[in-house]
>>> print(open('final_7.pdb').read())   # PDB, C-alpha atoms
ATOM      1  CA  ASP A  15      13.350   4.433  20.102
ATOM      2  CA  ILE A  16      12.194   0.934  19.209
ATOM      3  CA  GLN A  17      15.101  -1.025  17.753
ATOM      4  CA  MET A  18      14.264  -3.550  15.050
ATOM      5  CA  THR A  19      16.577  -6.532  14.553
ATOM      6  CA  GLN A  20      16.245  -8.842  11.567
ATOM      7  CA  SER A  21      17.672 -12.303  11.148
ATOM      8  CA  PRO A  22      19.371 -13.552   9.230
ATOM      9  CA  SER A  23      21.216 -10.591   7.701
ATOM     10  CA  SER A  24      21.503 -12.571   4.483
ATOM     11  CA  LEU A  25      20.503 -15.939   3.136
ATOM     12  CA  SER A  26      21.020 -18.010   0.025
ATOM     13  CA  ALA A  27      18.080 -19.922  -1.367
ATOM     14  CA  SER A  28      16.933 -21.626  -4.530
ATOM     15  CA  VAL A  29      13.904 -20.969  -6.683
ATOM     16  CA  GLY A  30      10.987 -22.822  -5.153
ATOM     17  CA  ASP A  31      12.362 -22.760  -1.602
ATOM     18  CA  ARG A  32      10.313 -21.633   1.381
ATOM     19  CA  VAL A  33      12.012 -18.644   2.995
ATOM     20  CA  THR A  34      11.389 -17.186   6.438
ATOM     21  CA  ILE A  35      12.780 -13.897   7.728
ATOM     22  CA  THR A  36      12.447 -12.871  11.360
ATOM     23  CA  CYS A  37      12.118  -9.386  12.835
ATOM     24  CA  ARG A  38      12.354  -8.691  16.566
ATOM     25  CA  ALA A  39      11.397  -5.400  18.211
ATOM     26  CA  SER A  40      13.151  -4.111  21.335
ATOM     27  CA  GLN A  41       9.723  -3.475  22.877
ATOM     28  CA  SER A  42       6.181  -4.388  21.935
ATOM     29  CA  SER A  43       4.962  -2.988  18.642
ATOM     30  CA  SER A  44       1.552  -4.684  18.931
ATOM     31  CA  SER A  45       0.710  -5.506  15.299
ATOM     32  CA  TYR A  46       2.118  -2.273  13.930
ATOM     33  CA  LEU A  47       4.685  -3.967  11.730
ATOM     34  CA  ASN A  48       5.240  -3.600   8.001
ATOM     35  CA  TRP A  49       7.468  -5.362   5.485
ATOM     36  CA  TYR A  50       9.117  -3.913   2.383
ATOM     37  CA  GLN A  51      11.069  -5.318  -0.539
ATOM     38  CA  GLN A  52      13.871  -3.328  -2.122
ATOM     39  CA  LYS A  53      15.672  -4.140  -5.352
ATOM     40  CA  PRO A  54      18.981  -2.511  -6.375
ATOM     41  CA  GLY A  55      18.594   1.120  -7.325
ATOM     42  CA  LYS A  56      14.866   1.133  -6.565
ATOM     43  CA  ALA A  57      12.654   2.466  -3.826
ATOM     44  CA  PRO A  58      11.271   0.048  -1.256
ATOM     45  CA  LYS A  59       7.937  -1.560  -2.071
ATOM     46  CA  LEU A  60       5.300  -2.267   0.556
ATOM     47  CA  LEU A  61       4.511  -5.992   0.834
ATOM     48  CA  ILE A  62       2.760  -6.528   4.160
ATOM     49  CA  PHE A  63       1.198  -4.063   6.597
ATOM     50  CA  ALA A  64      -0.222  -4.475  10.086
ATOM     51  CA  ALA A  65       1.868  -7.620  10.515
ATOM     52  CA  SER A  66      -0.239  -9.866   8.291
ATOM     53  CA  SER A  67      -2.240  -7.860   5.741
ATOM     54  CA  LEU A  68      -1.157  -8.318   2.145
ATOM     55  CA  GLN A  69      -0.752  -5.093   0.186
ATOM     56  CA  SER A  70      -2.887  -4.933  -2.951
ATOM     57  CA  GLY A  71      -1.111  -6.397  -5.965
ATOM     58  CA  VAL A  72       1.453  -8.369  -3.952
ATOM     59  CA  PRO A  73       1.565 -12.107  -4.772
ATOM     60  CA  SER A  74      -0.040 -14.425  -2.245
ATOM     61  CA  ARG A  75       3.220 -16.351  -1.766
ATOM     62  CA  PHE A  76       4.179 -13.534   0.617
ATOM     63  CA  SER A  77       2.720 -13.705   4.101
ATOM     64  CA  GLY A  78       3.395 -12.142   7.466
ATOM     65  CA  SER A  79       2.676 -13.122  11.035
ATOM     66  CA  GLY A  80       3.433 -12.187  14.602
ATOM     67  CA  SER A  81       2.588  -9.607  17.227
ATOM     68  CA  GLY A  82       4.238  -7.934  20.182
ATOM     69  CA  THR A  83       7.974  -8.243  19.638
ATOM     70  CA  ASP A  84       8.359 -11.164  17.216
ATOM     71  CA  PHE A  85       7.362 -11.146  13.576
ATOM     72  CA  THR A  86       8.028 -13.225  10.476
ATOM     73  CA  LEU A  87       7.857 -12.747   6.737
ATOM     74  CA  THR A  88       7.446 -15.939   4.742
ATOM     75  CA  ILE A  89       7.841 -16.490   1.025
ATOM     76  CA  SER A  90       6.178 -19.826   0.354
ATOM     77  CA  SER A  91       7.895 -20.578  -2.961
ATOM     78  CA  LEU A  92      10.756 -18.286  -3.894
ATOM     79  CA  GLN A  93      10.602 -16.884  -7.417
ATOM     80  CA  PRO A  94      13.451 -15.332  -9.459
ATOM     81  CA  GLU A  95      11.980 -11.854  -9.009
ATOM     82  CA  ASP A  96      12.035 -12.212  -5.201
ATOM     83  CA  PHE A  97      15.796 -11.874  -4.879
ATOM     84  CA  ALA A  98      16.086  -8.563  -3.058
ATOM     85  CA  ILE A  99      16.584  -6.988   0.361
ATOM     86  CA  TYR A 100      13.676  -7.139   2.792
ATOM     87  CA  TYR A 101      13.083  -4.642   5.590
ATOM     88  CA  CYS A 102      10.711  -4.668   8.524
ATOM     89  CA  GLN A 103       9.440  -1.390   9.991
ATOM     90  CA  GLN A 104       7.521  -0.630  13.158
ATOM     91  CA  SER A 105       4.712   1.894  12.923
ATOM     92  CA  TYR A 106       3.864   1.816  16.635
ATOM     93  CA  SER A 107       5.752   4.837  17.903
ATOM     94  CA  ASN A 108       7.736   7.867  16.754
ATOM     95  CA  PRO A 109      10.349   7.578  15.437
ATOM     96  CA  TRP A 110       9.225   4.905  12.999
ATOM     97  CA  THR A 111      12.212   2.580  12.677
ATOM     98  CA  PHE A 112      13.376  -0.042  10.222
ATOM     99  CA  GLY A 113      15.330  -3.247  10.597
ATOM    100  CA  GLN A 114      18.790  -3.457   9.071
ATOM    101  CA  GLY A 115      17.560  -5.576   6.182
ATOM    102  CA  THR A 116      17.812  -9.193   5.043
ATOM    103  CA  LYS A 117      19.400  -9.859   1.685
ATOM    104  CA  VAL A 118      17.952 -12.850  -0.168
ATOM    105  CA  GLU A 119      20.439 -14.181  -2.687
ATOM    106  CA  ILE A 120      20.416 -16.931  -5.276
ATOM    107  CA  LYS A 121      22.009 -20.204  -4.201
TER     108      LYS A 121
ATOM    109  CA  GLN B  30      -1.960   5.764  -9.784
ATOM    110  CA  VAL B  31      -0.215   8.077  -7.330
ATOM    111  CA  GLN B  32       3.316   9.017  -8.310
ATOM    112  CA  LEU B  33       5.935  10.942  -6.335
ATOM    113  CA  GLN B  34       9.024  12.679  -7.675
ATOM    114  CA  GLU B  35      11.832  14.189  -5.618
ATOM    115  CA  SER B  36      13.766  17.186  -6.877
ATOM    116  CA  GLY B  37      16.604  19.319  -5.584
ATOM    117  CA  PRO B  38      20.374  19.812  -5.681
ATOM    118  CA  GLY B  39      22.457  16.670  -5.768
ATOM    119  CA  LEU B  40      25.424  18.343  -4.104
ATOM    120  CA  VAL B  41      25.380  20.415  -0.918
ATOM    121  CA  LYS B  42      28.345  21.918   0.912
ATOM    122  CA  PRO B  43      29.022  21.073   4.552
ATOM    123  CA  SER B  44      27.262  23.382   7.039
ATOM    124  CA  GLU B  45      24.750  24.473   4.392
ATOM    125  CA  THR B  46      21.066  23.566   4.068
ATOM    126  CA  LEU B  47      19.759  20.646   2.041
ATOM    127  CA  SER B  48      16.464  21.456   0.294
ATOM    128  CA  LEU B  49      14.264  18.915  -1.455
ATOM    129  CA  THR B  50      10.768  19.024  -2.934
ATOM    130  CA  CYS B  51       8.442  16.143  -3.634
ATOM    131  CA  THR B  52       5.795  16.573  -6.319
ATOM    132  CA  VAL B  53       2.729  14.354  -6.111
ATOM    133  CA  SER B  54       0.823  13.436  -9.270
ATOM    134  CA  GLY B  55      -2.110  11.163  -9.994
ATOM    135  CA  GLY B  56      -3.860  12.153  -6.779
ATOM    136  CA  SER B  57      -4.371  14.980  -4.351
ATOM    137  CA  ILE B  58      -1.951  15.820  -1.584
ATOM    138  CA  ARG B  59      -4.901  16.816   0.584
ATOM    139  CA  SER B  60      -6.042  14.597   3.445
ATOM    140  CA  TYR B  61      -2.894  12.506   3.467
ATOM    141  CA  TYR B  62       0.320  12.374   5.464
ATOM    142  CA  TRP B  63       3.631  12.561   3.596
ATOM    143  CA  SER B  64       7.034  11.420   4.816
ATOM    144  CA  TRP B  65      10.704  11.763   4.042
ATOM    145  CA  ILE B  66      12.986   8.742   4.437
ATOM    146  CA  ARG B  67      16.687   8.472   3.683
ATOM    147  CA  GLN B  68      19.162   5.701   2.973
ATOM    148  CA  PRO B  69      22.961   6.081   3.031
ATOM    149  CA  ALA B  70      24.702   4.019   0.384
ATOM    150  CA  GLY B  71      24.705   0.340   1.282
ATOM    151  CA  LYS B  72      22.854   0.960   4.535
ATOM    152  CA  GLY B  73      19.369   0.813   5.972
ATOM    153  CA  LEU B  74      16.427   3.192   5.986
ATOM    154  CA  GLU B  75      15.918   6.123   8.350
ATOM    155  CA  TRP B  76      12.591   7.931   8.718
ATOM    156  CA  ILE B  77      13.133  11.693   8.800
ATOM    157  CA  GLY B  78       9.730  13.267   9.312
ATOM    158  CA  ARG B  79       6.102  13.503   8.245
ATOM    159  CA  ILE B  80       3.792  16.373   7.284
ATOM    160  CA  TYR B  81       0.029  16.482   6.886
ATOM    161  CA  SER B  82      -1.638  18.429   4.116
ATOM    162  CA  SER B  83      -2.721  20.993   6.712
ATOM    163  CA  GLY B  84       0.928  21.699   7.474
ATOM    164  CA  SER B  85       1.204  19.979  10.837
ATOM    165  CA  SER B  86       4.322  17.865  11.136
ATOM    166  CA  ILE B  87       6.300  15.512  13.325
ATOM    167  CA  VAL B  88       9.968  14.721  12.936
ATOM    168  CA  ASN B  89      12.522  12.190  14.080
ATOM    169  CA  PRO B  90      13.816  13.494  17.419
ATOM    170  CA  SER B  91      17.393  12.714  16.351
ATOM    171  CA  LEU B  92      17.095  15.312  13.581
ATOM    172  CA  LYS B  93      14.485  17.617  15.085
ATOM    173  CA  SER B  94      16.622  20.719  15.560
ATOM    174  CA  ARG B  95      17.730  20.700  11.911
ATOM    175  CA  ILE B  96      14.487  19.898  10.056
ATOM    176  CA  THR B  97      11.887  22.162   8.526
ATOM    177  CA  MET B  98       9.001  20.719   6.540
ATOM    178  CA  SER B  99       6.351  22.510   4.513
ATOM    179  CA  VAL B 100       3.498  21.760   2.134
ATOM    180  CA  ASP B 101       2.049  23.632  -0.859
ATOM    181  CA  THR B 102      -1.354  22.163  -1.657
ATOM    182  CA  SER B 103      -1.807  24.467  -4.671
ATOM    183  CA  LYS B 104       1.205  22.823  -6.307
ATOM    184  CA  ASN B 105       0.634  19.349  -4.836
ATOM    185  CA  GLN B 106       4.113  19.528  -3.335
ATOM    186  CA  PHE B 107       5.789  19.135   0.009
ATOM    187  CA  SER B 108       9.316  20.043   0.976
ATOM    188  CA  LEU B 109      12.175  19.221   3.323
ATOM    189  CA  LYS B 110      14.950  21.453   4.585
ATOM    190  CA  LEU B 111      17.816  19.963   6.599
ATOM    191  CA  SER B 112      20.241  22.512   7.996
ATOM    192  CA  SER B 113      23.902  22.307   9.021
ATOM    193  CA  VAL B 114      24.563  19.244   6.909
ATOM    194  CA  THR B 115      27.653  17.066   7.263
ATOM    195  CA  ALA B 116      28.991  14.119   5.302
ATOM    196  CA  ALA B 117      26.791  11.891   7.490
ATOM    197  CA  ASP B 118      23.744  13.365   5.743
ATOM    198  CA  THR B 119      24.877  11.986   2.368
ATOM    199  CA  ALA B 120      22.160   9.570   1.296
ATOM    200  CA  VAL B 121      19.402   8.776  -1.146
ATOM    201  CA  TYR B 122      16.366  10.740   0.013
ATOM    202  CA  TYR B 123      12.916   9.325  -0.642
ATOM    203  CA  CYS B 124       9.526  10.919  -0.277
ATOM    204  CA  ALA B 125       6.629   8.601   0.472
ATOM    205  CA  ARG B 126       2.910   8.634   1.149
ATOM    206  CA  ASP B 127       2.023   7.688   4.696
ATOM    207  CA  ARG B 128      -1.270   5.805   4.540
ATOM    208  CA  GLY B 129      -3.845   7.132   6.946
ATOM    209  CA  ALA B 130      -1.277   8.417   9.429
ATOM    210  CA  ALA B 131      -0.437   4.814  10.212
ATOM    211  CA  ALA B 132       3.203   5.120   9.152
ATOM    212  CA  ILE B 133       2.575   2.622   6.366
ATOM    213  CA  PHE B 134       4.530   3.861   3.363
ATOM    214  CA  ASP B 135       2.528   2.703   0.363
ATOM    215  CA  TYR B 136       3.785   4.962  -2.424
ATOM    216  CA  TRP B 137       7.416   6.070  -2.820
ATOM    217  CA  GLY B 138       9.348   8.381  -5.076
ATOM    218  CA  GLN B 139      12.284   6.966  -6.998
ATOM    219  CA  GLY B 140      14.735   8.658  -4.644
ATOM    220  CA  THR B 141      17.338  11.337  -5.168
ATOM    221  CA  LEU B 142      20.982  11.130  -4.159
ATOM    222  CA  VAL B 143      22.243  14.062  -2.130
ATOM    223  CA  THR B 144      25.973  14.255  -1.533
ATOM    224  CA  VAL B 145      27.441  16.552   1.105
ATOM    225  CA  SER B 146      30.896  17.619   0.037
ATOM    226  CA  SER B 147      32.927  20.758  -0.430
TER     227      SER B 147
END
>>> encode(input="final_7.pdb", output="C-alpha cells")
Amino acid sequence: DIQMTQSPSSLSASVGDRVTITCRASQSSSSYLNWYQQKPGKAPKLLIFAASSLQSGVPSRFSGSGSGTDFTLTISSLQPEDFAIYYCQQSYSNPWTFGQGTKVEIK
Amino acid sequence: QVQLQESGPGLVKPSETLSLTCTVSGGSIRSYYWSWIRQPAGKGLEWIGRIYSSGSSIVNPSLKSRITMSVDTSKNQFSLKLSSVTAADTAVYYCARDRGAAAIFDYWGQGTLVTVSS
C-alpha cells in the first residue's frame, strides 16, 4: 500500500494568510493525487485532482502542485469558510489511500 | 446535480453483517464507478471498494474476504455488505462517485453512522 503522510497535522492561521499543506507518498504516485476539504459533520469535498487541476466551482485561491512523492496544497488567502480538515489521496494504485489530515484552525 | 444517499441499519451486532445501500439521483448510475469509503470517529478516511455499473468490482485487500458489493441499475442503487463485523468497523460510511475510474471522488453522500455493538 502507498502510505500518505501530511504535514503539519494541524496549523493555526489568520484570515488572509497564505497556507501551505504538504503531502508525501511512500512511493511515487506520479500526478495521481487529489485533495479534499472536510468540515465537521460533512462529507469530504473534492478541491484538486490530478495534483494541480481545480475542481469546478472551487475558488481559485486553492491550488495544488507536485508530482512523484511530494505534493502541496496552497490556499493563497485564507477565508473564514476555509477552516476545515484537508486530506490528500493517491489514486495511483489499489488500495487508494488518504493522508491522516491537516486541521486548519483560526489563530 | 448528482446526489447520493446512504441507507441502512445504524446498529449492527458483532459477528453479523453490515448492509448499506446508496441511492443515486440526478443522474444515471450507468457508465460510472461507485465507491464506498469509511471514517471512524475523529479519524481519517479508508477506501473500502468500488463497483462499476456492469457489476465488476475491486476491493481494498485488507477487507477483501469480508466484502460483497452489488449494483441494481433499475433502481439506480449500489450496495455494500461487510461480514463478521467487530467494533473496529464502527464508522461513518460514505458512498461516492468515482470519476472515470480514476479514483477521484467527485460526488459524496452525506454519510451514515454504523455502530457495531451488542
>>> interface_residues(input="final_7.pdb", of="chain A", to="chain B", cutoff="6 Å", atoms="all atoms listed in the file", output="JSON, numbers by chain")
{"A": [57, 60, 105, 109, 114]}
>>> write_last_selection(input="final_7.pdb", atoms="C-alpha atoms", output="compact mmCIF listing (two decimals), in the coordinates of the input")
# COMPACT_ATOMS: atom_id res chain seq x y z
CA ALA A 57 12.65 2.47 -3.83
CA LEU A 60 5.30 -2.27 0.56
CA SER A 105 4.71 1.89 12.92
CA PRO A 109 10.35 7.58 15.44
CA GLN A 114 18.79 -3.46 9.07
>>> residues_around(input="final_7.pdb", residues="Pro43 of chain B", least_positions_apart="6", cutoff="12 Å", atoms="all atoms listed in the file", output="PyMOL selection string")
chain B and resi 111-119+143-147
>>> residues_around(input="final_7.pdb", residues="Cys51 of chain B", least_positions_apart="2", cutoff="6 Å", atoms="only C-alpha atoms", output="list in words")
Gln34, Glu35, Gln106 and Phe107 of chain B
>>> atom_distance(input="final_7.pdb", atom1="atom CA of Asn105 of chain B", atom2="atom CA of Leu47 of chain B")
20.4 Å
>>> residues_near_point(input="final_7.pdb", point="(-0.8, -10.2, 10.6)", cutoff="6 Å", atoms="all atoms listed in the file", output="VMD selection string")
chain A and resid 64 to 67 78 to 79
>>> resolve_selection(input="final_7.pdb", expression="the PyMOL selection byres ((chain A and resi 45-49) around 10)", output="PyMOL selection string")
(chain A and resi 37+39+42-44+50-51+58-69+77-87+100-107+112-113) or (chain B and resi 131-134)
>>> decode(input="final_7.pdb", residues="segment 32-43 of chain A", atoms="N, CA, C and O atoms", output="tab-separated table (two decimals), in the first residue's frame")
chain	number	residue	atom	x	y	z
A	32	ARG	N	-1.44	33.12	3.79
A	32	ARG	CA	-1.14	32.09	2.79
A	32	ARG	C	-0.81	30.81	3.55
A	32	ARG	O	0.01	30.82	4.46
A	33	VAL	N	-1.49	29.74	3.18
A	33	VAL	CA	-1.33	28.46	3.88
A	33	VAL	C	-0.86	27.39	2.91
A	33	VAL	O	-1.38	27.28	1.80
A	34	THR	N	0.13	26.62	3.36
A	34	THR	CA	0.64	25.52	2.54
A	34	THR	C	0.62	24.23	3.33
A	34	THR	O	1.10	24.18	4.48
A	35	ILE	N	0.05	23.20	2.75
A	35	ILE	CA	-0.01	21.87	3.36
A	35	ILE	C	0.75	20.91	2.45
A	35	ILE	O	0.60	20.95	1.22
A	36	THR	N	1.54	20.06	3.06
A	36	THR	CA	2.38	19.12	2.30
A	36	THR	C	1.88	17.70	2.45
A	36	THR	O	1.41	17.29	3.52
A	37	CYS	N	1.98	16.94	1.39
A	37	CYS	CA	1.62	15.52	1.39
A	37	CYS	C	2.77	14.75	0.74
A	37	CYS	O	3.21	15.10	-0.36
A	38	ARG	N	3.23	13.72	1.43
A	38	ARG	CA	4.33	12.89	0.90
A	38	ARG	C	3.86	11.45	0.77
A	38	ARG	O	3.30	10.87	1.71
A	39	ALA	N	4.11	10.87	-0.39
A	39	ALA	CA	3.76	9.46	-0.64
A	39	ALA	C	4.96	8.56	-0.39
A	39	ALA	O	6.11	8.96	-0.64
A	40	SER	N	4.69	7.34	0.10
A	40	SER	CA	5.77	6.41	0.41
A	40	SER	C	6.45	5.86	-0.84
A	40	SER	O	7.55	5.31	-0.77
A	41	GLN	N	5.77	5.98	-1.98
A	41	GLN	CA	6.37	5.66	-3.28
A	41	GLN	C	5.70	6.53	-4.32
A	41	GLN	O	4.66	7.16	-4.04
A	42	SER	N	6.27	6.61	-5.49
A	42	SER	CA	5.78	7.54	-6.50
A	42	SER	C	4.30	7.31	-6.81
A	42	SER	O	3.87	6.18	-7.02
A	43	SER	N	3.57	8.41	-6.84
A	43	SER	CA	2.17	8.38	-7.25
A	43	SER	C	1.98	9.15	-8.56
A	43	SER	O	0.85	9.53	-8.89
